[in-house]
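One file, query_4.csv, is given below (CSV, C-alpha atoms and all ligand atoms).
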```csv
chain,number,residue,atom,x,y,z
A,15,MET,CA,91.6,114.4,112.8
A,16,ALA,CA,90.4,117.9,112.0
A,17,ASP,CA,87.3,119.3,113.8
A,18,ILE,CA,84.1,117.8,112.4
A,19,ALA,CA,81.4,120.2,111.3
A,20,PRO,CA,77.8,119.8,112.8
A,21,ALA,CA,75.7,117.1,111.2
A,22,GLU,CA,73.3,119.5,109.5
A,23,VAL,CA,76.2,121.3,107.8
A,24,ARG,CA,77.7,118.0,106.6
A,25,ALA,CA,74.3,116.8,105.4
A,26,GLU,CA,73.9,120.0,103.4
A,27,GLU,CA,77.3,119.7,101.9
A,28,LEU,CA,76.6,116.1,101.0
A,29,ALA,CA,73.4,117.1,99.2
A,30,ALA,CA,75.3,119.8,97.4
A,31,LEU,CA,77.9,117.4,96.2
A,32,GLY,CA,75.2,115.0,95.0
A,33,ALA,CA,73.7,117.8,93.0
A,34,VAL,CA,77.0,118.4,91.3
A,35,VAL,CA,77.8,114.7,90.6
A,36,VAL,CA,74.5,114.2,88.7
A,37,ASP,CA,76.0,116.1,85.8
A,38,CYS,CA,79.5,114.5,86.1
A,39,THR,CA,81.2,113.6,82.8
A,40,LYS,CA,84.7,113.0,84.2
A,41,CYS,CA,84.9,109.5,82.8
A,42,ARG,CA,83.5,107.4,80.0
A,43,LEU,CA,80.9,105.8,82.2
A,44,SER,CA,78.9,109.0,81.8
A,45,GLU,CA,78.2,108.0,78.2
A,46,ASN,CA,75.8,105.1,78.8
A,47,ARG,CA,74.3,105.8,82.2
A,48,LEU,CA,70.6,106.5,82.7
A,49,ASN,CA,71.2,108.0,86.1
A,50,VAL,CA,74.1,108.8,88.4
A,51,VAL,CA,73.9,106.7,91.5
A,52,PHE,CA,75.4,109.1,94.0
A,53,GLY,CA,74.5,107.2,97.2
A,54,SER,CA,71.7,107.3,99.7
A,55,GLY,CA,70.7,107.0,103.3
A,56,ASN,CA,71.5,108.7,106.6
A,57,PRO,CA,74.0,111.5,106.1
A,58,ASP,CA,75.1,111.1,109.7
A,59,ALA,CA,75.3,107.3,109.7
A,60,ASP,CA,77.5,105.3,112.0
A,61,VAL,CA,77.8,102.6,109.2
A,62,MET,CA,78.6,103.4,105.6
A,63,PHE,CA,78.6,100.7,103.0
A,64,VAL,CA,80.7,100.9,99.8
A,65,GLY,CA,79.8,98.7,96.9
A,66,GLU,CA,81.4,98.5,93.5
A,67,GLY,CA,79.1,100.3,91.1
A,68,PRO,CA,75.5,100.5,90.0
A,69,GLY,CA,73.8,97.6,88.2
A,70,GLN,CA,70.9,97.8,85.8
A,71,ARG,CA,68.2,98.4,88.4
A,72,GLU,CA,70.3,101.0,90.2
A,73,ASP,CA,71.0,102.8,86.9
A,74,GLU,CA,67.3,102.9,86.2
A,75,GLN,CA,66.3,104.2,89.6
A,76,GLY,CA,69.3,106.3,90.5
A,77,LEU,CA,69.6,104.6,93.8
A,78,PRO,CA,72.2,102.1,95.2
A,79,PHE,CA,71.5,98.5,95.9
A,80,VAL,CA,67.8,98.3,94.8
A,81,GLY,CA,68.1,94.9,93.2
A,82,ARG,CA,68.5,91.5,94.7
A,83,SER,CA,71.9,92.4,96.3
A,84,GLY,CA,70.1,95.2,98.1
A,85,GLU,CA,67.5,92.8,99.5
A,86,LEU,CA,70.2,90.6,100.9
A,87,LEU,CA,72.0,93.6,102.3
A,88,GLU,CA,68.8,94.7,104.1
A,89,GLN,CA,68.3,91.3,105.5
A,90,LEU,CA,71.8,91.2,106.9
A,91,LEU,CA,71.3,94.7,108.3
A,92,GLY,CA,68.1,93.6,110.0
A,93,GLU,CA,69.9,90.8,111.7
A,94,ILE,CA,72.0,93.3,113.5
A,95,GLY,CA,69.1,95.6,114.3
A,96,LEU,CA,69.6,98.1,111.5
A,97,ALA,CA,67.4,99.4,108.7
A,98,ARG,CA,68.5,100.7,105.4
A,99,ALA,CA,67.5,104.2,106.5
A,100,ASP,CA,70.0,104.0,109.4
A,101,VAL,CA,73.0,103.6,107.2
A,102,TYR,CA,74.5,105.2,104.2
A,103,ILE,CA,75.1,103.3,101.0
A,104,GLY,CA,77.5,104.3,98.2
A,105,ASN,CA,79.7,102.9,95.5
A,106,VAL,CA,83.2,103.1,94.2
A,107,VAL,CA,81.9,104.4,90.8
A,108,LYS,CA,78.7,106.3,90.6
A,109,CYS,CA,77.7,105.3,87.0
A,110,ARG,CA,76.9,101.8,85.7
A,111,PRO,CA,79.7,100.1,83.7
A,112,PRO,CA,78.2,98.8,80.4
A,113,LYS,CA,77.0,95.2,80.7
A,114,ASN,CA,78.1,95.3,84.4
A,115,ARG,CA,81.7,94.9,83.4
A,116,ASP,CA,84.3,95.7,86.1
A,117,PRO,CA,85.1,99.4,86.6
A,118,ARG,CA,88.5,100.2,85.0
A,119,PRO,CA,91.4,101.8,86.9
A,120,ASP,CA,91.0,105.2,85.2
A,121,GLU,CA,87.3,105.2,86.0
A,122,ILE,CA,87.9,104.5,89.6
A,123,GLU,CA,90.6,107.2,89.7
A,124,ALA,CA,88.2,109.7,88.1
A,125,CYS,CA,85.4,108.9,90.6
A,126,LYS,CA,87.2,108.2,93.9
A,127,GLY,CA,87.3,111.8,95.0
A,128,TYR,CA,83.5,111.8,95.4
A,129,LEU,CA,83.7,108.8,97.7
A,130,ARG,CA,86.5,110.4,99.7
A,131,THR,CA,84.3,113.5,100.2
A,132,GLN,CA,81.3,111.3,101.1
A,133,LEU,CA,83.4,109.5,103.8
A,134,GLN,CA,84.7,112.8,105.1
A,135,LEU,CA,81.2,114.3,105.4
A,136,ILE,CA,79.4,111.3,106.8
A,137,GLN,CA,82.2,110.4,109.2
A,138,PRO,CA,80.9,106.9,109.9
A,139,LYS,CA,82.2,104.9,112.8
A,140,VAL,CA,82.6,101.9,110.6
A,141,VAL,CA,83.0,101.6,106.8
A,142,VAL,CA,81.9,98.3,105.3
A,143,THR,CA,83.4,97.5,101.9
A,144,LEU,CA,81.5,95.1,99.8
A,145,GLY,CA,83.6,93.0,97.6
A,146,ASN,CA,87.1,93.3,96.0
A,147,PHE,CA,86.9,96.7,94.4
A,148,ALA,CA,85.9,98.7,97.4
A,149,SER,CA,88.0,96.7,99.8
A,150,LYS,CA,91.2,96.9,97.8
A,151,LEU,CA,90.7,100.6,97.1
A,152,LEU,CA,90.1,101.6,100.6
A,153,LEU,CA,92.7,99.3,102.2
A,154,ARG,CA,95.2,100.0,99.5
A,155,THR,CA,96.0,96.4,98.9
A,156,ASP,CA,96.1,93.8,96.2
A,157,THR,CA,95.0,91.1,98.7
A,158,GLY,CA,91.7,89.6,97.7
A,159,ILE,CA,88.5,89.8,99.7
A,160,THR,CA,88.6,86.2,100.8
A,161,ARG,CA,91.8,86.8,102.7
A,162,LEU,CA,90.9,90.4,103.8
A,163,ARG,CA,87.6,89.6,105.4
A,164,GLY,CA,87.0,88.5,109.0
A,165,THR,CA,88.8,91.4,110.5
A,166,ALA,CA,87.8,94.9,111.6
A,167,TYR,CA,90.8,97.0,110.5
A,168,GLU,CA,91.6,100.3,112.3
A,169,TRP,CA,91.4,102.7,109.5
A,170,TRP,CA,91.8,106.5,109.5
A,171,GLY,CA,90.6,106.9,113.1
A,172,ARG,CA,87.6,104.5,112.6
A,173,PHE,CA,87.0,100.9,111.6
A,174,LEU,CA,86.8,99.3,108.2
A,175,VAL,CA,85.2,95.8,107.8
A,176,PRO,CA,85.7,94.3,104.4
A,177,THR,CA,83.2,91.6,103.4
A,178,PHE,CA,82.0,89.8,100.3
A,179,HIS,CA,79.7,91.6,97.8
A,180,PRO,CA,76.2,90.4,98.4
A,181,ALA,CA,76.1,89.2,94.7
A,182,ALA,CA,78.8,86.6,95.7
A,183,ALA,CA,76.5,85.2,98.3
A,184,LEU,CA,73.6,85.2,95.9
A,185,ARG,CA,75.6,83.3,93.3
A,186,GLY,CA,76.1,80.4,95.5
A,187,SER,CA,77.7,79.1,98.5
A,188,THR,CA,76.2,79.1,102.0
A,189,ARG,CA,79.7,79.6,103.3
A,190,VAL,CA,79.9,83.0,101.7
A,191,LEU,CA,76.7,84.0,103.4
A,192,ALA,CA,77.8,82.6,106.8
A,193,GLU,CA,81.0,84.6,106.5
A,194,MET,CA,79.1,87.7,105.7
A,195,ARG,CA,77.1,87.2,108.8
A,196,GLU,CA,80.3,86.9,110.9
A,197,ASP,CA,81.5,90.2,109.3
A,198,PHE,CA,78.2,91.9,110.2
A,199,GLN,CA,78.7,90.8,113.8
A,200,LEU,CA,82.0,92.7,113.7
A,201,VAL,CA,80.0,95.8,112.5
A,202,HIS,CA,77.6,95.3,115.3
A,203,ALA,CA,80.4,95.0,117.8
A,204,VAL,CA,81.9,98.3,116.6
A,205,ILE,CA,78.6,100.2,116.9
A,206,GLU,CA,77.9,98.7,120.3
A,207,GLY,CA,81.3,100.1,121.4
A,208,LYS,CA,82.6,96.6,122.0
A,209,LEU,CA,85.6,97.1,119.7
A,210,GLN,CA,87.9,100.0,120.8
A,211,ARG,CA,90.5,101.6,118.7
A,212,ARG,CA,94.0,100.8,120.0
A,213,SER,CA,95.5,104.1,118.9
A,214,PRO,CA,94.4,107.4,117.3
A,215,ASP,CA,96.9,106.7,114.6
A,216,PRO,CA,95.2,107.6,111.3
A,217,VAL,CA,96.6,104.6,109.4
A,218,ALA,CA,95.5,101.2,110.4
A,219,GLU,CA,98.3,99.0,111.6
A,220,ASP,CA,96.7,95.9,110.1
A,221,ALA,CA,96.0,97.7,106.9
A,222,VAL,CA,99.6,98.8,106.7
A,223,GLU,CA,100.8,95.3,107.2
A,224,ILE,CA,98.7,93.9,104.4
A,225,ALA,CA,99.0,97.0,102.1
A,226,ASP,CA,100.6,96.9,98.8
A,227,PRO,CA,104.0,98.7,99.0
A,228,GLU,CA,103.1,100.9,96.0
A,229,PRO,CA,99.8,102.3,96.9
A,230,GLU,CA,100.2,105.8,95.5
A,231,GLN,CA,97.4,105.6,92.9
A,232,LEU,CA,95.0,104.5,95.7
A,233,ASP,CA,95.8,107.4,98.1
A,234,LEU,CA,92.1,107.7,98.9
A,235,PHE,CA,92.5,110.0,101.9
A,236,SER,CA,95.8,111.8,101.3
B,301,LIG,N1,76.1,96.3,93.3
B,301,LIG,C1,76.9,97.3,93.7
B,301,LIG,O1,78.1,97.1,93.8
B,301,LIG,N2,76.3,98.5,93.9
B,301,LIG,C2,75.0,98.7,93.7
B,301,LIG,O2,74.6,99.8,94.0
B,301,LIG,C3,74.2,97.6,93.3
B,301,LIG,C4,74.8,96.4,93.1
B,302,LIG,FE1,81.7,111.0,87.0
B,302,LIG,FE2,82.1,108.9,88.6
B,302,LIG,FE3,80.2,108.8,86.8
B,302,LIG,FE4,82.7,108.7,86.0
B,302,LIG,S1,81.6,107.1,87.2
B,302,LIG,S2,81.1,110.0,85.1
B,302,LIG,S3,83.7,110.0,87.5
B,302,LIG,S4,80.3,110.2,88.5
```
Before we go any further, please render this structure as structure tokens.
Ligand code: URA
Ligand code: SF4
Amino acid sequence: MADIAPAEVRAEELAALGAVVVDCTKCRLSENRLNVVFGSGNPDADVMFVGEGPGQREDEQGLPFVGRSGELLEQLLGEIGLARADVYIGNVVKCRPPKNRDPRPDEIEACKGYLRTQLQLIQPKVVVTLGNFASKLLLRTDTGITRLRGTAYEWWGRFLVPTFHPAAALRGSTRVLAEMREDFQLVHAVIEGKLQRRSPDPVAEDAVEIADPEPEQLDLFS
């Protein structure tokens, strides 16, 4: 991996990117948004979360995960000794899809460069993808979150832990919440140094095994 700039420099670049993205009109999601939700938190975080896209509350406030999903996220973070301010939270798309519909492939394509740059500037030890959209995009796979979760994948010289979206836990089953807790324990193990990378290989072996053989439109880091 290339040399990493000092944290202050990366934080400044992240802020500069955020200032550009507030005016972005690269996709149709710009038409109905109230605010761009660029992301928030510690620009030098060990843990970066990636959600799907802003909901109504997030669109109103310009901040990620401020609704009920955010409360659950904070609770789960607290259980592994972390506060929201310790981590960075972003999304696959930065503008709210109308009526909370799923983001479309062309919208994800238009927006994903911002996420890539956020990851490159923050350099987290572990990326936690919340739900199908973020997990499939970053692991370049069509495999669903139910099968993906439960593993810390080696990913571009760091770890990636896919888990359910908090909204899935809020919708229902206690099993989903219990499995999210297991996944957060994996996150905890990574930041405590209890999970070591097996190799400096930039591409996760596990992720390659499970990856879709035609990942070119999801080449997030290349
Ligand atoms: N759900 C998401 O995926 N992202 C948010 O920011 C809020 C809810
Ligand atoms: Fe730009 Fe992303 Fe918003 Fe689309 S979703 S307008 S690409 S910031």
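Going from CA of Gln137 (chain A) over to CA of Asp60 (chain A), you cover 7.5 Å.
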Long-range neighbours of region 69-71 of chain A as a PyMOL selection string, 8 Å cut-off, all atoms listed in the file, 5 positions minimum in chain: chain A and resi 80-81+110-111+114
Prev. selection, C-alpha atoms, output as a PDB file, keeping the file's coordinate frame:
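Generated output (again_32.pdb):
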```
ATOM      1  CA  VAL A  80      67.800  98.300  94.800  1.00  0.00           C
ATOM      2  CA  GLY A  81      68.100  94.900  93.200  1.00  0.00           C
ATOM      3  CA  ARG A 110      76.900 101.800  85.700  1.00  0.00           C
ATOM      4  CA  PRO A 111      79.700 100.100  83.700  1.00  0.00           C
ATOM      5  CA  ASN A 114      78.100  95.300  84.400  1.00  0.00           C
TER       6      ASN A 114
END
```
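Residue neighbourhood of Phe198 (chain A), excluding near-sequence residues (fewer than 4 positions): Leu90, Leu91, Glu93, Ile94, Val142, Val175, Thr177, Glu193, Met194, His202 and Ala203 of chain A, at 9 Å, using all atoms listed in the file.
Ranking A:Ala183, A:Leu209, A:Leu77, A:Cys125 by their shortest atom-to-atom distance to ligand LIG 301 (chain B), with all atoms listed in the file included, puts A:Leu77 first.
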May I have a table of the residues of chain A lying at most 12 Å from ligand LIG 302 (chain B), giving each one's closest pair of atoms and their distance in Å to one decimal, counting all atoms listed in the file, ordered by chain and ascending residue number, as CSV?
```
residue,atom,partner,partner_atom,distance
A:Leu31,CA,B:LIG302,S4,10.8
A:Gly32,CA,B:LIG302,S4,9.6
A:Ala33,CA,B:LIG302,S4,11.0
A:Val34,CA,B:LIG302,S4,9.3
A:Val35,CA,B:LIG302,S4,5.6
A:Val36,CA,B:LIG302,S4,7.0
A:Asp37,CA,B:LIG302,FE1,7.7
A:Cys38,CA,B:LIG302,FE1,4.2
A:Thr39,CA,B:LIG302,S2,4.3
A:Lys40,CA,B:LIG302,FE1,4.6
A:Cys41,CA,B:LIG302,FE4,4.0
A:Arg42,CA,B:LIG302,FE4,6.2
A:Leu43,CA,B:LIG302,S2,5.1
A:Ser44,CA,B:LIG302,S2,4.1
A:Glu45,CA,B:LIG302,S2,7.7
A:Asn46,CA,B:LIG302,S2,9.6
A:Arg47,CA,B:LIG302,FE3,8.1
A:Leu48,CA,B:LIG302,FE3,10.7
A:Asn49,CA,B:LIG302,FE3,9.1
A:Val50,CA,B:LIG302,FE3,6.3
A:Val51,CA,B:LIG302,S4,7.9
A:Phe52,CA,B:LIG302,S4,7.4
A:Gly53,CA,B:LIG302,S4,10.9
A:Glu66,CA,B:LIG302,S1,10.7
A:Gly67,CA,B:LIG302,S1,8.2
A:Pro68,CA,B:LIG302,S1,9.4
A:Asp73,CA,B:LIG302,FE3,11.0
A:Gly76,CA,B:LIG302,FE3,11.8
A:Gly104,CA,B:LIG302,FE2,11.6
A:Asn105,CA,B:LIG302,FE2,9.5
A:Val106,CA,B:LIG302,FE2,8.1
A:Val107,CA,B:LIG302,S1,4.5
A:Lys108,CA,B:LIG302,S1,4.5
A:Cys109,CA,B:LIG302,S1,4.3
A:Arg110,CA,B:LIG302,S1,7.2
A:Pro111,CA,B:LIG302,S1,8.1
A:Pro112,CA,B:LIG302,S1,11.3
A:Asp116,CA,B:LIG302,S1,11.8
A:Pro117,CA,B:LIG302,S1,8.5
A:Arg118,CA,B:LIG302,S1,10.0
A:Pro119,CA,B:LIG302,FE4,11.1
A:Asp120,CA,B:LIG302,S3,9.0
A:Glu121,CA,B:LIG302,FE4,5.8
A:Ile122,CA,B:LIG302,S1,7.2
A:Glu123,CA,B:LIG302,S3,7.8
A:Ala124,CA,B:LIG302,S3,4.5
A:Cys125,CA,B:LIG302,S3,3.7
A:Lys126,CA,B:LIG302,FE2,7.4
A:Gly127,CA,B:LIG302,S3,8.5
A:Tyr128,CA,B:LIG302,FE2,7.5
A:Leu129,CA,B:LIG302,FE2,9.2
```
Selection: 9 Å around Leu144 (chain A), all atoms listed in the file, excl. self and same-chain fewer than 6 positions, as an MDAnalysis selection string: chainID A and resid 63:66 159 175:180
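Here CA of Glu72 (chain A) is placed at a distance of 11.5 Å from CA of Ser54 (chain A).
CA of Ala21 (chain A) to atom O2 of ligand LIG 301 (chain B) spans 24.4 Å [interatomic distance, one decimal].
Among the candidates A:Met62, A:Arg130, A:Thr143, A:Glu27, the residue lying nearest to ligand LIG 301 (chain B) is A:Thr143 (atoms considered: all atoms listed in the file).
Candidate residues A:Gly55, A:Gly92, A:Gly84, A:Pro78 were compared for distance to ligand LIG 301 (chain B), and the nearest is A:Pro78, using only C-alpha atoms and all ligand atoms.
Shortest atom-to-atom contact with ligand LIG 301 (chain B) among A:Val201, A:Leu184, A:Leu153, A:Val23: A:Leu184, counting all atoms listed in the file.
The nearest approach to ligand LIG 301 (chain B) among the residues A:Arg24, A:Thr155, A:Gly186, A:Ala181, with all atoms listed in the file taken into account, belongs to A:Ala181.
Counting all atoms listed in the file and comparing A:Gln210, A:Gln75, A:Thr160, A:Ser83, the residue that lies closest to Val190 (chain A) is A:Thr160.
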